[in-house]
$ cat input_26.txt   # compact mmCIF, C-alpha atoms and all ligand atoms
# COMPACT_ATOMS: atom_id res chain seq x y z
CA MET A 161 153.70 52.57 162.88
CA LYS A 162 155.21 55.80 161.71
CA GLU A 163 154.19 59.40 161.50
CA VAL A 164 153.97 60.95 158.05
CA LYS A 165 154.29 64.69 157.62
CA ILE A 166 152.87 66.42 154.55
CA GLU A 167 154.11 69.88 153.71
CA SER A 168 152.86 72.49 151.27
CA GLN A 169 154.95 75.36 150.02
CA LEU A 170 153.39 78.67 148.99
CA ILE A 171 154.80 81.95 147.76
CA VAL A 172 153.26 85.16 149.06
CA PHE A 173 153.53 88.35 147.00
CA ASP A 174 152.93 91.62 148.86
CA ASN A 175 151.34 93.35 145.90
CA PHE A 176 150.95 93.42 142.10
CA ASN A 177 154.41 94.97 141.59
CA GLU A 178 156.04 91.72 142.71
CA LEU A 179 154.08 89.54 140.27
CA PRO A 180 155.35 88.42 136.85
CA LYS A 181 153.79 90.57 134.09
CA ASP A 182 151.73 87.76 132.54
CA VAL A 183 150.22 86.99 135.93
CA VAL A 184 149.26 90.65 136.42
CA SER A 185 147.31 90.62 133.18
CA LEU A 186 145.75 87.24 134.04
CA MET A 187 144.68 88.58 137.45
CA GLU A 188 143.24 91.67 135.76
CA LYS A 189 141.06 89.38 133.64
CA ALA A 190 139.98 87.54 136.80
CA ILE A 191 139.04 90.87 138.42
CA GLU A 192 137.02 91.80 135.35
CA ALA A 193 135.26 88.42 135.50
CA ARG A 194 134.61 88.85 139.23
CA ARG A 195 132.66 92.04 138.54
CA ASN A 196 130.25 90.06 136.36
CA ALA A 197 129.61 87.32 138.92
CA TYR A 198 125.97 86.47 139.60
CA ALA A 199 125.89 86.20 143.39
CA PRO A 200 122.63 87.75 144.66
CA TYR A 201 122.41 85.31 147.61
CA SER A 202 125.89 85.37 149.10
CA ASN A 203 127.00 88.75 147.74
CA PHE A 204 130.41 87.11 147.50
CA LEU A 205 131.83 87.64 144.03
CA VAL A 206 134.54 85.38 142.66
CA GLY A 207 136.42 85.63 139.37
CA ALA A 208 138.75 83.16 137.70
CA ALA A 209 141.03 83.48 134.68
CA ILE A 210 142.85 80.58 133.09
CA LEU A 211 145.86 80.80 130.78
CA LEU A 212 146.14 77.93 128.30
CA ASP A 213 149.26 76.81 126.44
CA ASN A 214 147.65 77.89 123.14
CA GLY A 215 147.63 81.49 124.42
CA GLU A 216 143.89 81.58 125.04
CA ILE A 217 142.58 83.07 128.28
CA VAL A 218 139.31 81.67 129.59
CA THR A 219 137.42 83.39 132.40
CA GLY A 220 134.53 82.51 134.67
CA ASN A 221 132.72 83.68 137.76
CA ASN A 222 130.35 82.23 140.32
CA GLN A 223 126.81 81.65 139.16
CA GLU A 224 124.31 81.29 141.99
CA ASN A 225 120.81 79.87 141.97
CA ALA A 226 117.68 80.22 144.11
CA SER A 227 118.13 76.50 144.65
CA TYR A 228 121.51 77.08 146.31
CA PRO A 229 123.32 73.81 145.46
CA SER A 230 122.55 74.33 141.77
CA GLY A 231 124.96 77.28 141.66
CA LEU A 232 128.56 76.88 140.58
CA CYS A 233 131.87 78.36 141.75
CA ALA A 234 133.94 80.61 139.51
CA GLU A 235 136.82 78.15 139.24
CA ARG A 236 134.64 75.32 137.95
CA THR A 237 132.67 77.60 135.63
CA ALA A 238 135.99 78.60 134.05
CA ILE A 239 137.77 75.26 134.02
CA TYR A 240 134.81 73.33 132.59
CA TYR A 241 134.51 75.94 129.87
CA ALA A 242 138.24 75.57 129.12
CA GLY A 243 137.92 71.77 129.10
CA SER A 244 134.91 71.88 126.82
CA GLN A 245 136.23 74.45 124.34
CA PHE A 246 139.92 73.56 124.29
CA PRO A 247 140.11 69.87 125.19
CA LYS A 248 143.66 69.47 123.90
CA ALA A 249 145.15 72.58 125.49
CA LYS A 250 147.11 72.43 128.72
CA ILE A 251 146.23 74.75 131.57
CA LEU A 252 149.29 76.73 132.59
CA LYS A 253 148.03 79.18 135.21
CA MET A 254 144.88 80.14 137.08
CA ALA A 255 144.28 83.52 138.72
CA LEU A 256 141.52 83.80 141.33
CA THR A 257 140.06 86.79 143.10
CA ALA A 258 137.15 87.05 145.51
CA GLY A 259 135.37 89.90 147.21
CA SER A 260 132.38 90.34 149.47
CA GLN A 261 129.92 93.12 148.73
CA LYS A 262 129.40 93.48 152.48
CA GLU A 263 132.95 94.44 153.40
CA PRO A 264 136.32 94.78 151.64
CA THR A 265 138.11 91.46 151.17
CA THR A 266 141.78 91.98 151.87
CA THR A 267 142.89 88.41 152.59
CA PRO A 268 143.76 85.91 149.85
CA ILE A 269 140.79 83.59 149.21
CA PRO A 270 141.80 80.05 148.22
CA PRO A 271 139.65 77.78 146.03
CA CYS A 272 137.11 75.62 147.90
CA GLY A 273 137.61 71.87 148.26
CA ALA A 274 135.24 70.95 145.43
CA CYS A 275 137.08 73.30 143.06
CA ARG A 276 140.44 71.88 144.12
CA GLN A 277 139.15 68.43 143.21
CA ALA A 278 137.92 69.71 139.84
CA ILE A 279 141.22 71.45 139.05
CA ALA A 280 143.14 68.34 140.17
CA GLU A 281 141.36 66.31 137.49
CA TYR A 282 142.88 68.50 134.76
CA GLU A 283 146.31 68.55 136.37
CA VAL A 284 146.35 64.75 136.38
CA LYS A 285 144.90 64.62 132.84
CA GLN A 286 147.60 66.90 131.39
CA ASP A 287 150.37 65.57 133.63
CA THR A 288 151.91 69.02 134.16
CA PRO A 289 151.42 71.36 137.09
CA ILE A 290 148.84 74.14 137.10
CA GLU A 291 150.04 77.28 138.87
CA ILE A 292 147.37 78.84 141.07
CA TYR A 293 147.42 82.48 142.16
CA PHE A 294 144.73 83.70 144.54
CA MET A 295 143.85 86.95 146.27
CA GLY A 296 141.00 88.96 147.77
CA GLU A 297 140.09 92.27 146.18
CA THR A 298 143.27 93.90 147.40
CA GLY A 299 146.28 92.81 149.42
CA LYS A 300 148.62 89.88 149.21
CA ILE A 301 148.58 87.36 146.39
CA VAL A 302 149.39 83.72 147.14
CA LYS A 303 150.95 81.37 144.61
CA SER A 304 150.82 77.60 144.70
CA ALA A 305 153.12 76.03 142.12
CA SER A 306 150.66 73.21 141.56
CA LEU A 307 147.14 72.17 142.49
CA ALA A 308 148.46 69.01 144.14
CA ASN A 309 150.18 71.29 146.61
CA LEU A 310 146.74 72.57 147.72
CA LEU A 311 145.17 69.11 147.84
CA PRO A 312 147.45 66.59 149.49
CA LEU A 313 146.25 62.97 149.44
CA GLY A 314 143.92 63.74 146.55
CA PHE A 315 141.67 61.17 144.95
CA ASP A 316 142.41 60.62 141.27
CA ARG A 317 141.99 58.21 138.35
CA SER A 318 144.89 56.05 139.49
CA PHE A 319 142.66 54.56 142.20
CA LEU A 320 139.92 53.48 139.81
N1 LIG B 401 132.73 80.40 145.58
C1 LIG B 401 133.50 80.34 144.45
O1 LIG B 401 133.10 80.80 143.38
N2 LIG B 401 134.70 79.73 144.54
C2 LIG B 401 135.20 79.18 145.69
O2 LIG B 401 136.24 78.53 145.65
C3 LIG B 401 134.50 79.38 146.96
C4 LIG B 401 133.12 79.87 146.86
C5 LIG B 401 131.41 81.03 145.47
C6 LIG B 401 130.26 80.06 145.65
C7 LIG B 401 129.16 80.98 146.11
O3 LIG B 401 128.55 81.56 144.98
C8 LIG B 401 129.90 82.06 146.88
O4 LIG B 401 131.25 82.00 146.48
C9 LIG B 401 129.82 81.93 148.38
O5 LIG B 401 130.20 80.67 148.79
$ encode --input "input_26.txt" --output "structure tokens" --more "lines below"
Ligand code: THU
Amino acid sequence: MKEVKIESQLIVFDNFNELPKDVVSLMEKAIEARRNAYAPYSNFLVGAAILLDNGEIVTGNNQENASYPSGLCAERTAIYYAGSQFPKAKILKMALTAGSQKEPTTTPIPPCGACRQAIAEYEVKQDTPIEIYFMGETGKIVKSASLANLLPLGFDRSFL
């Protein structure tokens, strides 16, 4: 037997000033989207903005439902819209921001497991990495150079 170690590498930016310009404007779109989230049950608002290789920016936010599991996260709302409207475009970057209405969210909020799986599908489909940037409402911004980096040992089409 042998032990296998899996490592992930992330980049942490202290604030907006350290981010590339295009990522600042993408994150601004995610913040705008976050403000329109429909989250009356959790009061936790999430916004996502996706930059495509055709220059389009697609946004989404979480949409909750009185039947809780029927709601959808911001990341999947956005990525399924991108996949449905621009099926041939590659996803270059995703910016994510989350904030609770109960207290300020100052720590970076990563995408949930189900959203990682959904994003992974498109990364495998397009065969190029999707950069993910995530933050709270304020504070540090974390970058993952690819989705695979956030979901080691992922399940994908190669197993089917
Ligand atoms: N949520 C997202 O939109 N994205 C995530 O990655 C984590 C959770 C939403 C789902 C629900 O509306 C609220 O945040 C609280 O879980």
$ residues_around --input "input_26.txt" --residues "A:Asn175" --least-positions-apart "5" --cutoff "9 Å" --atoms "all atoms listed in the file" --output "compact mmCIF listing (two decimals) with C-alpha atoms, in the frame of the given file"
# COMPACT_ATOMS: atom_id res chain seq x y z
CA THR A 298 143.27 93.90 147.40
CA GLY A 299 146.28 92.81 149.42
CA LYS A 300 148.62 89.88 149.21
CA ILE A 301 148.58 87.36 146.39
$ residues_near_ligand --input "input_26.txt" --ligand "ligand LIG 401 (chain B)" --cutoff "12 Å" --atoms "all atoms listed in the file" --output "ChimeraX atom specification"
/A:190,193-194,196-208,220-239,255-261,268-279,294-296
$ atom_distance --input "input_26.txt" --atom1 "atom CA of A:Lys253" --atom2 "atom CA of A:Leu179"
13.0 Å
$ atom_distance --input "input_26.txt" --atom1 "atom CA of A:Glu178" --atom2 "atom CA of A:Asn214"
25.4 Å
$ closest_residue --input "input_26.txt" --among "A:Val164, A:Leu311, A:Ile217, A:Met254" --to "A:Ile292" --atoms "all atoms listed in the file"
A:Met254
$ residues_around --input "input_26.txt" --residues "A:Glu216" --least-positions-apart "2" --cutoff "12 Å" --atoms "all atoms listed in the file" --output "PyMOL selection string"
chain A and resi 186+189+209-214+218-219+241-242+245-246+249-253
$ write_last_selection --input "input_26.txt" --atoms "C-alpha atoms" --output "JSON list (two decimals), in the frame of the given file"
[["chain", "number", "residue", "atom", "x", "y", "z"],
["A", 186, "LEU", "CA", 145.75, 87.24, 134.04],
["A", 189, "LYS", "CA", 141.06, 89.38, 133.64],
["A", 209, "ALA", "CA", 141.03, 83.48, 134.68],
["A", 210, "ILE", "CA", 142.85, 80.58, 133.09],
["A", 211, "LEU", "CA", 145.86, 80.80, 130.78],
["A", 212, "LEU", "CA", 146.14, 77.93, 128.30],
["A", 213, "ASP", "CA", 149.26, 76.81, 126.44],
["A", 214, "ASN", "CA", 147.65, 77.89, 123.14],
["A", 218, "VAL", "CA", 139.31, 81.67, 129.59],
["A", 219, "THR", "CA", 137.42, 83.39, 132.40],
["A", 241, "TYR", "CA", 134.51, 75.94, 129.87],
["A", 242, "ALA", "CA", 138.24, 75.57, 129.12],
["A", 245, "GLN", "CA", 136.23, 74.45, 124.34],
["A", 246, "PHE", "CA", 139.92, 73.56, 124.29],
["A", 249, "ALA", "CA", 145.15, 72.58, 125.49],
["A", 250, "LYS", "CA", 147.11, 72.43, 128.72],
["A", 251, "ILE", "CA", 146.23, 74.75, 131.57],
["A", 252, "LEU", "CA", 149.29, 76.73, 132.59],
["A", 253, "LYS", "CA", 148.03, 79.18, 135.21]]
$ atom_distance --input "input_26.txt" --atom1 "atom CA of A:Lys285" --atom2 "atom CA of A:Leu310"
17.0 Å
$ residues_around --input "input_26.txt" --residues "A:Ala308" --least-positions-apart "4" --cutoff "10 Å" --atoms "all atoms listed in the file" --output "list in words"
Ser168, Arg276, Gln277, Ile279, Ala280, Glu283, Val284, Pro289, Ile290, Glu291, Ser304, Pro312, Leu313 and Gly314 of chain A
$ closest_residue --input "input_26.txt" --among "A:Leu307, A:Tyr293, A:Pro264, A:Asp316" --to "A:Val172" --atoms "only C-alpha atoms"
A:Tyr293
$ build_atoms --input "input_26.txt" --residues "stretch 255-285 of chain A" --atoms "N, CA and C atoms" --output "PDB file, in the coordinates of the input"
ATOM      1  N   ALA A 255     144.292  82.383 137.793  1.00  0.00           N
ATOM      2  CA  ALA A 255     144.280  83.520 138.720  1.00  0.00           C
ATOM      3  C   ALA A 255     142.882  83.627 139.307  1.00  0.00           C
ATOM      4  N   LEU A 256     142.801  83.772 140.616  1.00  0.00           N
ATOM      5  CA  LEU A 256     141.520  83.800 141.330  1.00  0.00           C
ATOM      6  C   LEU A 256     141.435  85.020 142.217  1.00  0.00           C
ATOM      7  N   THR A 257     140.272  85.640 142.217  1.00  0.00           N
ATOM      8  CA  THR A 257     140.060  86.790 143.100  1.00  0.00           C
ATOM      9  C   THR A 257     138.642  86.745 143.635  1.00  0.00           C
ATOM     10  N   ALA A 258     138.477  87.094 144.900  1.00  0.00           N
ATOM     11  CA  ALA A 258     137.150  87.050 145.510  1.00  0.00           C
ATOM     12  C   ALA A 258     136.934  88.281 146.362  1.00  0.00           C
ATOM     13  N   GLY A 259     135.689  88.738 146.392  1.00  0.00           N
ATOM     14  CA  GLY A 259     135.370  89.900 147.210  1.00  0.00           C
ATOM     15  C   GLY A 259     133.924  89.902 147.649  1.00  0.00           C
ATOM     16  N   SER A 260     133.730  90.231 148.928  1.00  0.00           N
ATOM     17  CA  SER A 260     132.380  90.340 149.470  1.00  0.00           C
ATOM     18  C   SER A 260     131.835  91.738 149.191  1.00  0.00           C
ATOM     19  N   GLN A 261     130.533  91.797 148.919  1.00  0.00           N
ATOM     20  CA  GLN A 261     129.920  93.120 148.730  1.00  0.00           C
ATOM     21  C   GLN A 261     129.555  93.743 150.074  1.00  0.00           C
ATOM     22  N   LYS A 262     129.749  92.969 151.143  1.00  0.00           N
ATOM     23  CA  LYS A 262     129.400  93.480 152.480  1.00  0.00           C
ATOM     24  C   LYS A 262     130.559  94.237 153.110  1.00  0.00           C
ATOM     25  N   GLU A 263     131.760  93.776 152.844  1.00  0.00           N
ATOM     26  CA  GLU A 263     132.950  94.440 153.400  1.00  0.00           C
ATOM     27  C   GLU A 263     134.149  94.142 152.502  1.00  0.00           C
ATOM     28  N   PRO A 264     135.168  95.010 152.512  1.00  0.00           N
ATOM     29  CA  PRO A 264     136.320  94.780 151.640  1.00  0.00           C
ATOM     30  C   PRO A 264     137.026  93.463 151.986  1.00  0.00           C
ATOM     31  N   THR A 265     137.425  92.744 150.971  1.00  0.00           N
ATOM     32  CA  THR A 265     138.110  91.460 151.170  1.00  0.00           C
ATOM     33  C   THR A 265     139.603  91.673 150.914  1.00  0.00           C
ATOM     34  N   THR A 266     140.368  91.646 151.994  1.00  0.00           N
ATOM     35  CA  THR A 266     141.780  91.980 151.870  1.00  0.00           C
ATOM     36  C   THR A 266     142.683  90.767 152.078  1.00  0.00           C
ATOM     37  N   THR A 267     142.064  89.616 152.420  1.00  0.00           N
ATOM     38  CA  THR A 267     142.890  88.410 152.590  1.00  0.00           C
ATOM     39  C   THR A 267     142.764  87.529 151.351  1.00  0.00           C
ATOM     40  N   PRO A 268     143.818  86.799 151.014  1.00  0.00           N
ATOM     41  CA  PRO A 268     143.760  85.910 149.850  1.00  0.00           C
ATOM     42  C   PRO A 268     142.718  84.814 150.085  1.00  0.00           C
ATOM     43  N   ILE A 269     141.861  84.591 149.079  1.00  0.00           N
ATOM     44  CA  ILE A 269     140.790  83.590 149.210  1.00  0.00           C
ATOM     45  C   ILE A 269     141.139  82.376 148.346  1.00  0.00           C
ATOM     46  N   PRO A 270     141.431  81.252 148.983  1.00  0.00           N
ATOM     47  CA  PRO A 270     141.800  80.050 148.220  1.00  0.00           C
ATOM     48  C   PRO A 270     140.576  79.362 147.622  1.00  0.00           C
ATOM     49  N   PRO A 271     140.780  78.520 146.621  1.00  0.00           N
ATOM     50  CA  PRO A 271     139.650  77.780 146.030  1.00  0.00           C
ATOM     51  C   PRO A 271     139.072  76.778 147.039  1.00  0.00           C
ATOM     52  N   CYS A 272     137.758  76.553 146.975  1.00  0.00           N
ATOM     53  CA  CYS A 272     137.110  75.620 147.900  1.00  0.00           C
ATOM     54  C   CYS A 272     137.538  74.180 147.561  1.00  0.00           C
ATOM     55  N   GLY A 273     137.199  73.268 148.440  1.00  0.00           N
ATOM     56  CA  GLY A 273     137.610  71.870 148.260  1.00  0.00           C
ATOM     57  C   GLY A 273     137.094  71.255 146.974  1.00  0.00           C
ATOM     58  N   ALA A 274     135.818  71.534 146.655  1.00  0.00           N
ATOM     59  CA  ALA A 274     135.240  70.950 145.430  1.00  0.00           C
ATOM     60  C   ALA A 274     135.979  71.470 144.201  1.00  0.00           C
ATOM     61  N   CYS A 275     136.345  72.737 144.210  1.00  0.00           N
ATOM     62  CA  CYS A 275     137.080  73.300 143.060  1.00  0.00           C
ATOM     63  C   CYS A 275     138.489  72.725 142.990  1.00  0.00           C
ATOM     64  N   ARG A 276     139.099  72.503 144.138  1.00  0.00           N
ATOM     65  CA  ARG A 276     140.440  71.880 144.120  1.00  0.00           C
ATOM     66  C   ARG A 276     140.360  70.499 143.468  1.00  0.00           C
ATOM     67  N   GLN A 277     139.322  69.764 143.807  1.00  0.00           N
ATOM     68  CA  GLN A 277     139.150  68.430 143.210  1.00  0.00           C
ATOM     69  C   GLN A 277     138.964  68.544 141.697  1.00  0.00           C
ATOM     70  N   ALA A 278     138.180  69.539 141.279  1.00  0.00           N
ATOM     71  CA  ALA A 278     137.920  69.710 139.840  1.00  0.00           C
ATOM     72  C   ALA A 278     139.199  70.111 139.113  1.00  0.00           C
ATOM     73  N   ILE A 279     139.968  71.009 139.699  1.00  0.00           N
ATOM     74  CA  ILE A 279     141.220  71.450 139.050  1.00  0.00           C
ATOM     75  C   ILE A 279     142.211  70.282 139.012  1.00  0.00           C
ATOM     76  N   ALA A 280     142.221  69.489 140.098  1.00  0.00           N
ATOM     77  CA  ALA A 280     143.140  68.340 140.170  1.00  0.00           C
ATOM     78  C   ALA A 280     142.927  67.391 139.001  1.00  0.00           C
ATOM     79  N   GLU A 281     141.676  67.213 138.606  1.00  0.00           N
ATOM     80  CA  GLU A 281     141.360  66.310 137.490  1.00  0.00           C
ATOM     81  C   GLU A 281     142.149  66.712 136.245  1.00  0.00           C
ATOM     82  N   TYR A 282     142.198  68.021 135.976  1.00  0.00           N
ATOM     83  CA  TYR A 282     142.880  68.500 134.760  1.00  0.00           C
ATOM     84  C   TYR A 282     144.393  68.444 134.920  1.00  0.00           C
ATOM     85  N   GLU A 283     144.870  68.638 136.140  1.00  0.00           N
ATOM     86  CA  GLU A 283     146.310  68.550 136.370  1.00  0.00           C
ATOM     87  C   GLU A 283     146.790  67.118 136.132  1.00  0.00           C
ATOM     88  N   VAL A 284     145.998  66.161 136.593  1.00  0.00           N
ATOM     89  CA  VAL A 284     146.350  64.750 136.380  1.00  0.00           C
ATOM     90  C   VAL A 284     146.221  64.415 134.892  1.00  0.00           C
ATOM     91  N   LYS A 285     145.147  64.899 134.268  1.00  0.00           N
ATOM     92  CA  LYS A 285     144.900  64.620 132.840  1.00  0.00           C
ATOM     93  C   LYS A 285     146.078  65.112 131.988  1.00  0.00           C
TER      94      LYS A 285
END
